[in-house]
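*Asks:* Next up, data22.cif (mmCIF, C-alpha atoms).
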```
data_final
#
loop_
_atom_site.group_PDB
_atom_site.id
_atom_site.type_symbol
_atom_site.label_atom_id
_atom_site.label_comp_id
_atom_site.auth_asym_id
_atom_site.auth_seq_id
_atom_site.Cartn_x
_atom_site.Cartn_y
_atom_site.Cartn_z
ATOM 1 C CA MET I 1 -21.996 -2.482 -37.729
ATOM 2 C CA LYS I 2 -24.632 -4.801 -39.145
ATOM 3 C CA VAL I 3 -24.982 -6.469 -35.745
ATOM 4 C CA HIS I 4 -25.588 -3.103 -34.047
ATOM 5 C CA PHE I 5 -28.113 -2.132 -36.707
ATOM 6 C CA PHE I 6 -29.966 -5.427 -36.245
ATOM 7 C CA ALA I 7 -30.037 -4.980 -32.445
ATOM 8 C CA LEU I 8 -31.308 -1.426 -32.855
ATOM 9 C CA ALA I 9 -34.057 -2.672 -35.188
ATOM 10 C CA LEU I 10 -35.109 -5.291 -32.644
ATOM 11 C CA LEU I 11 -35.194 -2.666 -29.897
ATOM 12 C CA ILE I 12 -37.351 -0.337 -31.982
ATOM 13 C CA SER I 13 -39.656 -3.217 -32.930
ATOM 14 C CA SER I 14 -39.984 -4.211 -29.257
ATOM 15 C CA CYS I 15 -40.863 -0.652 -28.231
ATOM 16 C CA ILE I 16 -43.467 -0.388 -30.970
ATOM 17 C CA THR I 17 -44.987 -3.715 -29.917
ATOM 18 C CA LYS I 18 -45.115 -2.645 -26.261
ATOM 19 C CA ASN I 19 -46.566 0.729 -27.161
ATOM 20 C CA ASP I 20 -49.168 -0.920 -29.387
ATOM 21 C CA LYS I 21 -50.153 -3.278 -26.575
ATOM 22 C CA LYS I 22 -50.322 -0.393 -24.090
ATOM 23 C CA SER I 23 -52.431 1.590 -26.527
ATOM 24 C CA ALA I 24 -54.723 -1.417 -27.100
ATOM 25 C CA ASP I 25 -55.141 -1.930 -23.337
ATOM 26 C CA GLN I 26 -55.972 1.742 -22.868
ATOM 27 C CA SER I 27 -58.457 1.612 -25.742
ATOM 28 C CA LEU I 28 -60.137 -1.444 -24.211
ATOM 29 C CA ALA I 29 -60.403 0.268 -20.825
ATOM 30 C CA GLN I 30 -61.850 3.367 -22.460
ATOM 31 C CA GLU I 31 -64.302 1.248 -24.455
ATOM 32 C CA ILE I 32 -65.512 -0.569 -21.334
ATOM 33 C CA GLN I 33 -66.046 2.717 -19.503
ATOM 34 C CA SER I 34 -67.397 4.704 -22.431
ATOM 35 C CA ALA I 35 -70.932 3.850 -21.298
ATOM 36 C CA LYS I 36 -72.217 4.754 -17.851
ATOM 37 C CA VAL I 37 -73.593 1.219 -17.384
ATOM 38 C CA THR I 38 -72.520 -2.015 -19.063
ATOM 39 C CA LEU I 39 -73.968 -5.529 -18.963
ATOM 40 C CA HIS I 40 -71.734 -8.570 -19.322
ATOM 41 C CA ILE I 41 -72.598 -12.222 -19.988
ATOM 42 C CA LEU I 42 -70.819 -14.210 -17.260
ATOM 43 C CA GLY I 43 -72.407 -17.571 -18.077
ATOM 44 C CA THR I 44 -74.849 -19.168 -20.491
ATOM 45 C CA VAL I 45 -75.255 -22.803 -19.398
ATOM 46 C CA GLN I 46 -78.060 -24.541 -17.475
ATOM 47 C CA ASP I 47 -77.651 -25.303 -13.756
ATOM 48 C CA GLY I 48 -75.794 -28.615 -14.133
ATOM 49 C CA GLY I 49 -73.054 -27.141 -16.304
ATOM 50 C CA SER I 50 -71.244 -28.545 -19.317
ATOM 51 C CA PRO I 51 -69.883 -31.181 -19.214
ATOM 52 C CA HIS I 52 -72.786 -32.471 -17.165
ATOM 53 C CA ILE I 53 -72.431 -34.914 -14.268
ATOM 54 C CA GLY I 54 -72.933 -38.514 -15.368
ATOM 55 C CA CYS I 55 -73.332 -37.622 -19.045
ATOM 56 C CA GLN I 56 -72.013 -40.259 -21.455
ATOM 57 C CA LYS I 57 -73.251 -38.584 -24.631
ATOM 58 C CA GLU I 58 -71.038 -37.140 -27.342
ATOM 59 C CA CYS I 59 -71.864 -33.603 -26.162
ATOM 60 C CA CYS I 60 -69.843 -34.195 -22.982
ATOM 61 C CA LYS I 61 -67.276 -36.925 -23.722
ATOM 62 C CA GLU I 62 -64.592 -34.636 -25.111
ATOM 63 C CA LEU I 63 -65.351 -31.877 -22.595
ATOM 64 C CA PHE I 64 -64.487 -34.175 -19.681
ATOM 65 C CA LYS I 65 -61.052 -34.612 -21.259
ATOM 66 C CA ASN I 66 -60.651 -31.020 -22.433
ATOM 67 C CA PRO I 67 -62.934 -28.613 -20.530
ATOM 68 C CA ASP I 68 -64.186 -25.479 -22.284
ATOM 69 C CA ASN I 69 -63.522 -22.506 -19.996
ATOM 70 C CA THR I 70 -66.295 -20.489 -21.641
ATOM 71 C CA ARG I 71 -69.009 -22.840 -20.400
ATOM 72 C CA LYS I 72 -70.154 -21.219 -17.173
ATOM 73 C CA VAL I 73 -73.572 -21.500 -15.532
ATOM 74 C CA VAL I 74 -75.945 -18.689 -16.490
ATOM 75 C CA SER I 75 -75.178 -15.317 -14.935
ATOM 76 C CA LEU I 76 -75.120 -11.624 -15.805
ATOM 77 C CA GLY I 77 -72.876 -8.895 -14.462
ATOM 78 C CA VAL I 78 -73.907 -5.245 -14.492
ATOM 79 C CA VAL I 79 -71.402 -2.441 -13.893
ATOM 80 C CA ASP I 80 -72.397 1.119 -13.042
ATOM 81 C CA HIS I 81 -69.127 2.812 -13.988
ATOM 82 C CA GLU I 82 -70.216 6.323 -13.078
ATOM 83 C CA ASN I 83 -71.102 5.301 -9.504
ATOM 84 C CA GLU I 84 -68.361 2.662 -9.246
ATOM 85 C CA LYS I 85 -70.818 -0.140 -8.429
ATOM 86 C CA SER I 86 -71.177 -3.700 -9.702
ATOM 87 C CA TYR I 87 -74.003 -6.231 -9.455
ATOM 88 C CA LEU I 88 -74.249 -9.966 -10.048
ATOM 89 C CA PHE I 89 -77.395 -11.685 -11.306
ATOM 90 C CA GLU I 90 -77.493 -15.303 -10.060
ATOM 91 C CA ALA I 91 -75.089 -16.925 -7.599
ATOM 92 C CA THR I 92 -73.945 -19.960 -9.571
ATOM 93 C CA PRO I 93 -71.553 -22.833 -8.824
ATOM 94 C CA ASP I 94 -69.088 -20.890 -11.034
ATOM 95 C CA ILE I 95 -69.269 -17.788 -8.818
ATOM 96 C CA SER I 96 -65.545 -17.759 -7.985
ATOM 97 C CA GLU I 97 -64.474 -17.117 -11.562
ATOM 98 C CA GLN I 98 -67.510 -14.972 -12.347
ATOM 99 C CA LEU I 99 -66.844 -12.608 -9.432
ATOM 100 C CA LYS I 100 -63.205 -12.262 -10.448
ATOM 101 C CA LEU I 101 -64.257 -11.423 -13.982
ATOM 102 C CA LEU I 102 -66.828 -8.913 -12.712
ATOM 103 C CA LYS I 103 -64.193 -7.296 -10.484
ATOM 104 C CA ASN I 104 -61.834 -6.872 -13.436
ATOM 105 C CA LEU I 105 -64.596 -5.446 -15.619
ATOM 106 C CA SER I 106 -65.600 -2.952 -12.955
ATOM 107 C CA LYS I 107 -62.005 -2.113 -11.982
ATOM 108 C CA LYS I 108 -62.984 -2.190 -8.310
ATOM 109 C CA THR I 109 -60.687 -3.390 -5.556
ATOM 110 C CA SER I 110 -63.372 -5.365 -3.704
ATOM 111 C CA GLU I 111 -63.700 -9.073 -4.481
ATOM 112 C CA THR I 112 -67.467 -8.913 -3.951
ATOM 113 C CA PRO I 113 -70.152 -6.966 -5.822
ATOM 114 C CA ASP I 114 -72.441 -4.303 -4.398
ATOM 115 C CA GLY I 115 -75.382 -6.674 -4.692
ATOM 116 C CA ILE I 116 -76.462 -10.132 -5.872
ATOM 117 C CA PHE I 117 -79.922 -10.631 -7.383
ATOM 118 C CA LEU I 118 -81.459 -14.125 -7.255
ATOM 119 C CA THR I 119 -84.200 -15.441 -9.548
ATOM 120 C CA HIS I 120 -85.116 -18.628 -7.649
ATOM 121 C CA ALA I 121 -83.999 -21.594 -5.545
ATOM 122 C CA HIS I 122 -82.776 -24.069 -8.158
ATOM 123 C CA ILE I 123 -79.173 -25.157 -7.744
ATOM 124 C CA GLY I 124 -77.564 -23.174 -10.555
ATOM 125 C CA HIS I 125 -79.058 -19.880 -9.411
ATOM 126 C CA TYR I 126 -78.269 -19.528 -5.712
ATOM 127 C CA THR I 127 -75.878 -22.230 -4.420
ATOM 128 C CA GLY I 128 -72.851 -20.101 -5.258
ATOM 129 C CA LEU I 129 -73.695 -18.204 -2.070
ATOM 130 C CA MET I 130 -71.958 -21.000 -0.147
ATOM 131 C CA TYR I 131 -68.581 -19.694 -1.312
ATOM 132 C CA LEU I 132 -69.206 -16.490 0.638
ATOM 133 C CA GLY I 133 -69.185 -18.464 3.905
ATOM 134 C CA ARG I 134 -66.507 -19.158 6.521
ATOM 135 C CA GLU I 135 -65.194 -22.199 4.635
ATOM 136 C CA ALA I 136 -64.284 -19.997 1.686
ATOM 137 C CA LEU I 137 -64.333 -16.178 1.320
ATOM 138 C CA GLY I 138 -65.823 -15.281 4.695
ATOM 139 C CA SER I 139 -67.394 -12.198 3.179
ATOM 140 C CA ASN I 140 -68.828 -9.266 5.095
ATOM 141 C CA ALA I 141 -72.527 -8.392 4.652
ATOM 142 C CA VAL I 142 -72.774 -8.880 0.893
ATOM 143 C CA LYS I 143 -76.208 -7.619 -0.155
ATOM 144 C CA VAL I 144 -78.440 -10.366 -1.557
ATOM 145 C CA TYR I 145 -81.696 -9.224 -3.152
ATOM 146 C CA ALA I 146 -84.394 -11.882 -2.806
ATOM 147 C CA MET I 147 -88.154 -12.282 -3.203
ATOM 148 C CA PRO I 148 -90.248 -13.116 -0.070
ATOM 149 C CA LYS I 149 -90.250 -16.926 -0.391
ATOM 150 C CA MET I 150 -86.627 -16.968 -1.495
ATOM 151 C CA LYS I 151 -85.710 -14.800 1.500
ATOM 152 C CA THR I 152 -87.573 -17.118 3.898
ATOM 153 C CA PHE I 153 -85.932 -20.164 2.337
ATOM 154 C CA LEU I 154 -82.455 -18.734 2.941
ATOM 155 C CA GLU I 155 -83.321 -17.622 6.479
ATOM 156 C CA THR I 156 -84.787 -20.952 7.610
ATOM 157 C CA ASN I 157 -82.525 -23.547 5.991
ATOM 158 C CA GLY I 158 -78.893 -24.466 6.507
ATOM 159 C CA PRO I 159 -76.259 -23.803 5.438
ATOM 160 C CA TRP I 160 -77.742 -20.585 4.049
ATOM 161 C CA ASN I 161 -78.990 -19.261 7.380
ATOM 162 C CA GLN I 162 -75.442 -19.606 8.718
ATOM 163 C CA LEU I 163 -74.332 -17.070 6.118
ATOM 164 C CA ILE I 164 -76.867 -14.679 7.623
ATOM 165 C CA ASP I 165 -76.015 -15.498 11.249
ATOM 166 C CA LEU I 166 -72.298 -14.945 10.632
ATOM 167 C CA GLY I 167 -72.912 -11.737 8.735
ATOM 168 C CA ASN I 168 -71.501 -13.043 5.451
ATOM 169 C CA ILE I 169 -74.598 -11.895 3.594
ATOM 170 C CA SER I 170 -77.414 -9.438 4.234
ATOM 171 C CA ILE I 171 -80.813 -10.203 2.687
ATOM 172 C CA LEU I 172 -82.659 -7.282 1.129
ATOM 173 C CA PRO I 173 -86.309 -7.994 0.284
ATOM 174 C CA ILE I 174 -87.670 -7.198 -3.161
ATOM 175 C CA GLN I 175 -91.265 -7.381 -4.351
ATOM 176 C CA ASN I 176 -92.932 -8.401 -7.587
ATOM 177 C CA GLU I 177 -92.962 -5.532 -10.106
ATOM 178 C CA GLU I 178 -91.655 -3.007 -7.571
ATOM 179 C CA ILE I 179 -88.656 -0.877 -8.551
ATOM 180 C CA THR I 180 -85.350 -1.229 -6.722
ATOM 181 C CA MET I 181 -83.444 1.993 -7.347
ATOM 182 C CA LEU I 182 -79.725 1.207 -7.220
ATOM 183 C CA SER I 183 -78.526 4.584 -8.495
ATOM 184 C CA ASN I 184 -79.478 7.419 -10.810
ATOM 185 C CA ASN I 185 -78.300 5.123 -13.616
ATOM 186 C CA LEU I 186 -79.756 1.759 -12.662
ATOM 187 C CA GLN I 187 -83.161 0.354 -11.688
ATOM 188 C CA ILE I 188 -84.224 -3.284 -11.234
ATOM 189 C CA ILE I 189 -87.746 -4.707 -11.371
ATOM 190 C CA PRO I 190 -88.454 -8.380 -10.502
ATOM 191 C CA ILE I 191 -91.259 -10.026 -12.497
ATOM 192 C CA LYS I 192 -92.794 -13.319 -11.355
ATOM 193 C CA VAL I 193 -92.924 -16.128 -13.899
ATOM 194 C CA PRO I 194 -94.396 -19.652 -13.713
ATOM 195 C CA HIS I 195 -91.786 -22.289 -12.938
ATOM 196 C CA ARG I 196 -91.227 -25.290 -10.682
ATOM 197 C CA ASP I 197 -91.415 -23.455 -7.364
ATOM 198 C CA GLU I 198 -90.516 -26.202 -4.897
ATOM 199 C CA PHE I 199 -88.648 -23.878 -2.522
ATOM 200 C CA SER I 200 -89.263 -20.330 -3.722
ATOM 201 C CA GLU I 201 -91.089 -18.242 -6.278
ATOM 202 C CA THR I 202 -89.338 -17.616 -9.619
ATOM 203 C CA VAL I 203 -88.724 -14.228 -11.157
ATOM 204 C CA GLY I 204 -87.149 -12.672 -14.185
ATOM 205 C CA PHE I 205 -85.697 -9.173 -14.022
ATOM 206 C CA ARG I 206 -86.140 -5.995 -15.986
ATOM 207 C CA ILE I 207 -82.818 -4.168 -15.795
ATOM 208 C CA MET I 208 -83.000 -0.500 -16.727
ATOM 209 C CA GLY I 209 -79.901 1.532 -17.492
ATOM 210 C CA PRO I 210 -79.734 5.221 -18.447
ATOM 211 C CA ASN I 211 -80.270 4.489 -22.151
ATOM 212 C CA LYS I 212 -81.388 0.878 -22.589
ATOM 213 C CA SER I 213 -83.432 -1.739 -20.767
ATOM 214 C CA VAL I 214 -83.093 -5.519 -20.520
ATOM 215 C CA LEU I 215 -85.458 -8.416 -19.859
ATOM 216 C CA PHE I 216 -83.744 -11.409 -18.217
ATOM 217 C CA ILE I 217 -85.787 -14.625 -17.902
ATOM 218 C CA PRO I 218 -83.449 -17.638 -17.642
ATOM 219 C CA ASP I 219 -86.183 -20.022 -16.425
ATOM 220 C CA ILE I 220 -89.885 -20.333 -17.199
ATOM 221 C CA ASP I 221 -92.173 -23.324 -17.752
ATOM 222 C CA LYS I 222 -93.846 -22.270 -21.000
ATOM 223 C CA TRP I 223 -94.651 -18.829 -22.409
ATOM 224 C CA SER I 224 -98.323 -19.840 -22.647
ATOM 225 C CA LYS I 225 -98.484 -20.335 -18.849
ATOM 226 C CA TRP I 226 -97.425 -16.751 -18.146
ATOM 227 C CA LYS I 227 -100.110 -14.149 -17.523
ATOM 228 C CA LYS I 228 -98.070 -11.652 -19.498
ATOM 229 C CA ASP I 229 -97.605 -11.631 -23.274
ATOM 230 C CA ILE I 230 -93.938 -12.372 -23.919
ATOM 231 C CA GLU I 231 -93.991 -10.661 -27.312
ATOM 232 C CA GLN I 232 -95.280 -7.453 -25.742
ATOM 233 C CA GLU I 233 -92.648 -7.717 -23.010
ATOM 234 C CA ILE I 234 -89.920 -8.054 -25.636
ATOM 235 C CA GLN I 235 -91.201 -4.948 -27.385
ATOM 236 C CA LYS I 236 -90.922 -2.952 -24.135
ATOM 237 C CA VAL I 237 -87.153 -3.468 -23.830
ATOM 238 C CA ASP I 238 -84.008 -3.138 -25.920
ATOM 239 C CA LEU I 239 -82.567 -6.578 -25.118
ATOM 240 C CA ALA I 240 -84.191 -9.832 -23.987
ATOM 241 C CA PHE I 241 -82.171 -12.753 -22.582
ATOM 242 C CA LEU I 242 -84.624 -15.644 -22.610
ATOM 243 C CA ASP I 243 -84.853 -19.272 -21.499
ATOM 244 C CA ALA I 244 -83.432 -21.594 -24.162
ATOM 245 C CA THR I 245 -82.747 -24.653 -22.019
ATOM 246 C CA PHE I 246 -83.673 -27.114 -24.759
ATOM 247 C CA TYR I 247 -83.531 -26.573 -28.494
ATOM 248 C CA SER I 248 -86.170 -29.266 -29.063
ATOM 249 C CA GLY I 249 -87.682 -32.287 -27.380
ATOM 250 C CA THR I 250 -85.479 -34.782 -29.212
ATOM 251 C CA GLU I 251 -82.430 -33.974 -27.070
ATOM 252 C CA ILE I 252 -84.186 -35.030 -23.830
ATOM 253 C CA ASN I 253 -85.948 -38.199 -24.966
ATOM 254 C CA THR I 254 -84.711 -39.960 -21.807
ATOM 255 C CA ARG I 255 -86.529 -37.539 -19.464
ATOM 256 C CA ASN I 256 -90.178 -36.709 -18.862
ATOM 257 C CA ILE I 257 -90.516 -33.123 -20.101
ATOM 258 C CA GLU I 258 -93.494 -32.642 -17.760
ATOM 259 C CA GLU I 259 -91.027 -32.791 -14.868
ATOM 260 C CA ILE I 260 -88.705 -30.180 -16.371
ATOM 261 C CA PRO I 261 -90.851 -27.943 -18.598
ATOM 262 C CA HIS I 262 -89.185 -25.156 -20.560
ATOM 263 C CA PRO I 263 -90.062 -23.438 -23.849
ATOM 264 C CA PHE I 264 -88.159 -25.211 -26.611
ATOM 265 C CA VAL I 265 -86.158 -22.822 -28.779
ATOM 266 C CA ILE I 266 -88.058 -24.024 -31.842
ATOM 267 C CA GLU I 267 -91.317 -23.167 -30.018
ATOM 268 C CA SER I 268 -90.059 -19.711 -29.079
ATOM 269 C CA MET I 269 -88.925 -18.984 -32.633
ATOM 270 C CA GLU I 270 -92.328 -20.038 -33.943
ATOM 271 C CA GLN I 271 -94.085 -17.850 -31.368
ATOM 272 C CA PHE I 272 -91.841 -14.861 -32.142
ATOM 273 C CA LYS I 273 -91.928 -15.254 -35.928
ATOM 274 C CA ASN I 274 -94.354 -12.343 -36.412
ATOM 275 C CA LEU I 275 -92.202 -9.906 -34.472
ATOM 276 C CA PRO I 276 -90.670 -7.240 -36.701
ATOM 277 C CA SER I 277 -86.989 -7.763 -37.486
ATOM 278 C CA GLU I 278 -86.100 -5.169 -34.855
ATOM 279 C CA GLY I 279 -88.056 -7.165 -32.263
ATOM 280 C CA LYS I 280 -86.413 -10.457 -33.212
ATOM 281 C CA SER I 281 -82.960 -8.896 -32.981
ATOM 282 C CA LYS I 282 -83.647 -8.056 -29.316
ATOM 283 C CA VAL I 283 -83.881 -11.755 -28.416
ATOM 284 C CA HIS I 284 -80.725 -13.443 -27.104
ATOM 285 C CA PHE I 285 -81.311 -17.072 -26.167
ATOM 286 C CA ILE I 286 -79.537 -18.176 -22.963
ATOM 287 C CA HIS I 287 -79.489 -20.934 -20.261
ATOM 288 C CA PHE I 288 -78.509 -23.915 -22.448
ATOM 289 C CA ASN I 289 -78.722 -27.506 -21.288
ATOM 290 C CA HIS I 290 -75.542 -29.482 -21.948
ATOM 291 C CA THR I 291 -77.412 -31.297 -24.742
ATOM 292 C CA ASN I 292 -78.412 -28.072 -26.509
ATOM 293 C CA PRO I 293 -76.802 -27.765 -29.972
ATOM 294 C CA LEU I 294 -76.802 -23.966 -29.632
ATOM 295 C CA LEU I 295 -73.655 -24.374 -27.522
ATOM 296 C CA ASP I 296 -71.888 -25.230 -30.781
ATOM 297 C CA LYS I 297 -71.538 -22.168 -33.018
ATOM 298 C CA LYS I 298 -71.006 -24.431 -36.022
ATOM 299 C CA SER I 299 -74.219 -26.444 -35.516
ATOM 300 C CA LYS I 300 -77.185 -26.258 -37.880
ATOM 301 C CA ALA I 301 -79.355 -25.229 -34.925
ATOM 302 C CA HIS I 302 -77.130 -22.243 -34.138
ATOM 303 C CA LYS I 303 -77.106 -21.160 -37.765
ATOM 304 C CA SER I 304 -80.892 -21.528 -38.032
ATOM 305 C CA VAL I 305 -81.446 -19.248 -35.016
ATOM 306 C CA VAL I 306 -79.180 -16.553 -36.449
ATOM 307 C CA LYS I 307 -80.730 -16.896 -39.902
ATOM 308 C CA ALA I 308 -84.184 -16.386 -38.369
ATOM 309 C CA GLY I 309 -83.044 -13.027 -36.985
ATOM 310 C CA PHE I 310 -82.400 -13.986 -33.352
ATOM 311 C CA HIS I 311 -79.191 -14.140 -31.304
ATOM 312 C CA VAL I 312 -77.458 -16.771 -29.195
ATOM 313 C CA ALA I 313 -75.847 -15.411 -26.022
ATOM 314 C CA HIS I 314 -72.123 -15.990 -25.662
ATOM 315 C CA PHE I 315 -69.762 -15.843 -22.695
ATOM 316 C CA LYS I 316 -68.132 -12.421 -22.133
ATOM 317 C CA GLU I 317 -70.426 -10.521 -24.477
ATOM 318 C CA LYS I 318 -70.783 -6.865 -23.474
ATOM 319 C CA PHE I 319 -73.744 -4.527 -23.935
ATOM 320 C CA ASP I 320 -73.934 -0.817 -23.192
ATOM 321 C CA LEU I 321 -77.025 0.208 -21.219
#
```
Would you write out, as structure tokens, the structure that this file holds?
*Replies:*
Amino acid sequence: MKVHFFALALLISSCITKNDKKSADQSLAQEIQSAKVTLHILGTVQDGGSPHIGCQKECCKELFKNPDNTRKVVSLGVVDHENEKSYLFEATPDISEQLKLLKNLSKKTSETPDGIFLTHAHIGHYTGLMYLGREALGSNAVKVYAMPKMKTFLETNGPWNQLIDLGNISILPIQNEEITMLSNNLQIIPIKVPHRDEFSETVGFRIMGPNKSVLFIPDIDKWSKWKKDIEQEIQKVDLAFLDATFYSGTEINTRNIEEIPHPFVIESMEQFKNLPSEGKSKVHFIHFNHTNPLLDKKSKAHKSVVKAGFHVAHFKEKFDL
């Protein structure tokens, strides 16, 4: 009798556990789709990734032995749930996993998004397109939104022009500060920024959902070189994901910073110090070099950024727009 009672208790416990899990899964699905448009962080790391090729520093030694699956190259995913559309910002070397994650978040059956927006022609921001080619996915006319020089670069250089010739991708031109209307819920505006433009111009994007807007600038030389006032641009939006490649100059003492200029995080925090607390809370630093201590949540640098009223972007974060 005791044995039967024990078995019955286990059965009841199992049913409760399964029901709880089913309820939790349903709640998560409802939470994801509660907003008409959601933005998801699909990557936060600089082009070369982490661990970084050839790196012998402490920041990478352990990661070569035990990789951290959350360290993906910088990318955003935007899902328009009401119109059943999804969009990828940046085509990174980690595109395979990022597209799968975006598919699951959007609950679409297609393995490809309804559009890919590119900021510029540096390796972490467009080379993921190669996985759409005949050697890999062999995709069909995936829309790629590109600025004029970026479009010309893809059309006139291999292997990218092969993607066009084979119909794997379809280039849609976009223009500086002109609105691309994706749906009644979603508008995109490219904004040119100063950066090392060896092969193309560089843009950030203003992403506008039905309720909130986002500024995304993963790469810029220095805020002082930009014709626009970054503090005013932050005030115009609800969220700002901004270039934080290097925390300070000490981490890159083996490189000439003139060759790879970026605003140091400590410089950005100093420049933004007079923003009201609401303005500071809009800033989410992103695009971290493998040497950047902000990749470690327990670091003094990470804690100092949070204490100052700013945020550090993290993989798989979700924001309702």
*Asks:* Quick one: of I:Thr152, I:Thr245, I:Ser50, I:Gln175, who's nearest to Lys222 (chain I), counting all atoms listed in the file?
*Replies:*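 Of the candidates, the smallest distance to Lys222 (chain I) is held by I:Thr245.
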*Asks:* Calculated over only C-alpha atoms, which of the candidates I:Gly279, I:Pro93, I:Pro218, I:Gly54 has the smallest distance to Val193 (chain I)?
*Replies:*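 Ranked by minimum distance to Val193 (chain I), first place goes to I:Pro218.
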*Asks:* Would you translate the PyMOL selection byres ((chain I and resi 320) around 9) into the concrete set of residues it matches in this file, as a list in words?
*Replies:*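 This file, filtered by the PyMOL selection byres ((chain I and resi 320) around 9), leaves Ile32, Ser34, Ala35, Lys36, Val37, Thr38, Leu39, His40, Gly209, Asn211, Lys212, Lys318, Phe319 and Leu321 of chain I.
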*Asks:* Between CA of Gln235 (chain I) and CA of Asn274 (chain I), what is the spacing in Å?
*Replies:*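 That distance, rounded to one decimal, is 12.1 Å.
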*Asks:* So, with only C-alpha atoms as the atoms that count, which of I:Phe288, I:Phe315, I:Phe216, I:Phe205 lies closest to Ile191 (chain I)?
*Replies:*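 Going through I:Phe288, I:Phe315, I:Phe216, I:Phe205 one by one, the smallest distance to Ile191 (chain I) is for I:Phe205.
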*Asks:* Tell me which of I:Asn69, I:Ser75, I:Ser183, I:Ser213 sits closest to Ile286 (chain I), counting all atoms listed in the file.
*Replies:*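 Ranking I:Asn69, I:Ser75, I:Ser183, I:Ser213 by distance to Ile286 (chain I), first place goes to I:Ser75.
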*Asks:* To one decimal place, how far is CA of Arg196 (chain I) from CA of Asp68 (chain I) in Å?
*Replies:* 29.4 Å
*Asks:* For Thr250 (chain I), which residue out of I:Cys55, I:Asp238, I:Pro293, I:Val79 is the nearest one, using all atoms listed in the file?
*Replies:*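 Of the candidates, the smallest distance to Thr250 (chain I) is held by I:Pro293.
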*Asks:* For this file, the PyMOL selection byres ((chain I and resi 59) around 10) selects which residues, as number ranges by chain?
*Replies:* I: 50-52, 55-58, 60-64, 290-293, 295-296
*Asks:* Can you list, as an mmCIF file with C-alpha atoms, keeping the file's coordinate frame, the residues that the PyMOL selection byres ((chain I and resi 283) around 10) selects here?
*Replies:*
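The file below, expr_26.cif, is the result:
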```
data_model
loop_
_atom_site.group_PDB
_atom_site.id
_atom_site.type_symbol
_atom_site.label_atom_id
_atom_site.label_comp_id
_atom_site.auth_asym_id
_atom_site.auth_seq_id
_atom_site.Cartn_x
_atom_site.Cartn_y
_atom_site.Cartn_z
ATOM 1 C CA LEU I 215 -85.458 -8.416 -19.859
ATOM 2 C CA ILE I 234 -89.920 -8.054 -25.636
ATOM 3 C CA ASP I 238 -84.008 -3.138 -25.920
ATOM 4 C CA LEU I 239 -82.567 -6.578 -25.118
ATOM 5 C CA ALA I 240 -84.191 -9.832 -23.987
ATOM 6 C CA PHE I 241 -82.171 -12.753 -22.582
ATOM 7 C CA LEU I 242 -84.624 -15.644 -22.610
ATOM 8 C CA MET I 269 -88.925 -18.984 -32.633
ATOM 9 C CA PHE I 272 -91.841 -14.861 -32.142
ATOM 10 C CA GLU I 278 -86.100 -5.169 -34.855
ATOM 11 C CA GLY I 279 -88.056 -7.165 -32.263
ATOM 12 C CA LYS I 280 -86.413 -10.457 -33.212
ATOM 13 C CA SER I 281 -82.960 -8.896 -32.981
ATOM 14 C CA LYS I 282 -83.647 -8.056 -29.316
ATOM 15 C CA HIS I 284 -80.725 -13.443 -27.104
ATOM 16 C CA PHE I 285 -81.311 -17.072 -26.167
ATOM 17 C CA ILE I 286 -79.537 -18.176 -22.963
ATOM 18 C CA GLY I 309 -83.044 -13.027 -36.985
ATOM 19 C CA PHE I 310 -82.400 -13.986 -33.352
ATOM 20 C CA HIS I 311 -79.191 -14.140 -31.304
ATOM 21 C CA VAL I 312 -77.458 -16.771 -29.195
ATOM 22 C CA ALA I 313 -75.847 -15.411 -26.022
#
```
*Asks:* Counting only C-alpha atoms, which residues of region 163-210 of chain I fall within 12 Å of region 106-118 of chain I, and what is the closest atom pair for each with its distance in Å at one decimal, ordered by chain and rising number, as a tab-separated table?
*Replies:*
```
residue	atom	partner	partner_atom	distance
I:Asn168	CA	I:Thr112	CA	11.0
I:Ile169	CA	I:Ile116	CA	9.8
I:Ser170	CA	I:Gly115	CA	9.6
I:Ile171	CA	I:Ile116	CA	9.6
I:Leu172	CA	I:Gly115	CA	9.3
I:Pro173	CA	I:Phe117	CA	10.3
I:Ile174	CA	I:Phe117	CA	9.5
I:Thr180	CA	I:Phe117	CA	10.9
I:Leu182	CA	I:Gly115	CA	9.3
I:Ser183	CA	I:Asp114	CA	11.5
I:Ile188	CA	I:Phe117	CA	9.3
I:Ile189	CA	I:Phe117	CA	10.6
I:Pro190	CA	I:Phe117	CA	9.4
I:Ile191	CA	I:Leu118	CA	11.8
I:Ser200	CA	I:Leu118	CA	10.6
I:Glu201	CA	I:Leu118	CA	10.5
I:Thr202	CA	I:Leu118	CA	8.9
I:Val203	CA	I:Leu118	CA	8.2
I:Gly204	CA	I:Leu118	CA	9.1
I:Phe205	CA	I:Phe117	CA	8.9
I:Arg206	CA	I:Phe117	CA	11.6
I:Ile207	CA	I:Phe117	CA	11.0
```
*Asks:* State, in Å with one decimal place, the distance from CA of His262 (chain I) to CA of Ile220 (chain I).
*Replies:*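 For CA of His262 (chain I) relative to CA of Ile220 (chain I), the distance reads 5.9 Å.
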*Asks:* Quick one: residues within 12 Å of Glu270 (chain I), all atoms listed in the file counted, chain neighbours fewer than 4 positions away excluded, as number ranges by chain?
*Replies:* I: 223, 231, 263-266, 274-275, 280, 305, 308, 310
*Asks:* Nearest residue to Asn161 (chain I) out of I:Leu137, I:Leu129, I:Leu186, I:Val45, using all atoms listed in the file?
*Replies:* I:Leu129
*Asks:* Output, as lines of an AutoDock Vina configuration file, the centre and edge lengths in Å (one decimal) of the axis-aligned box that contains all listed atoms of region 52-68 of chain I with 3 Å of margin on each side.
*Replies:*
```
center_x = -67.0
center_y = -32.9
center_z = -20.8
size_x = 18.7
size_y = 20.8
size_z = 19.1
```
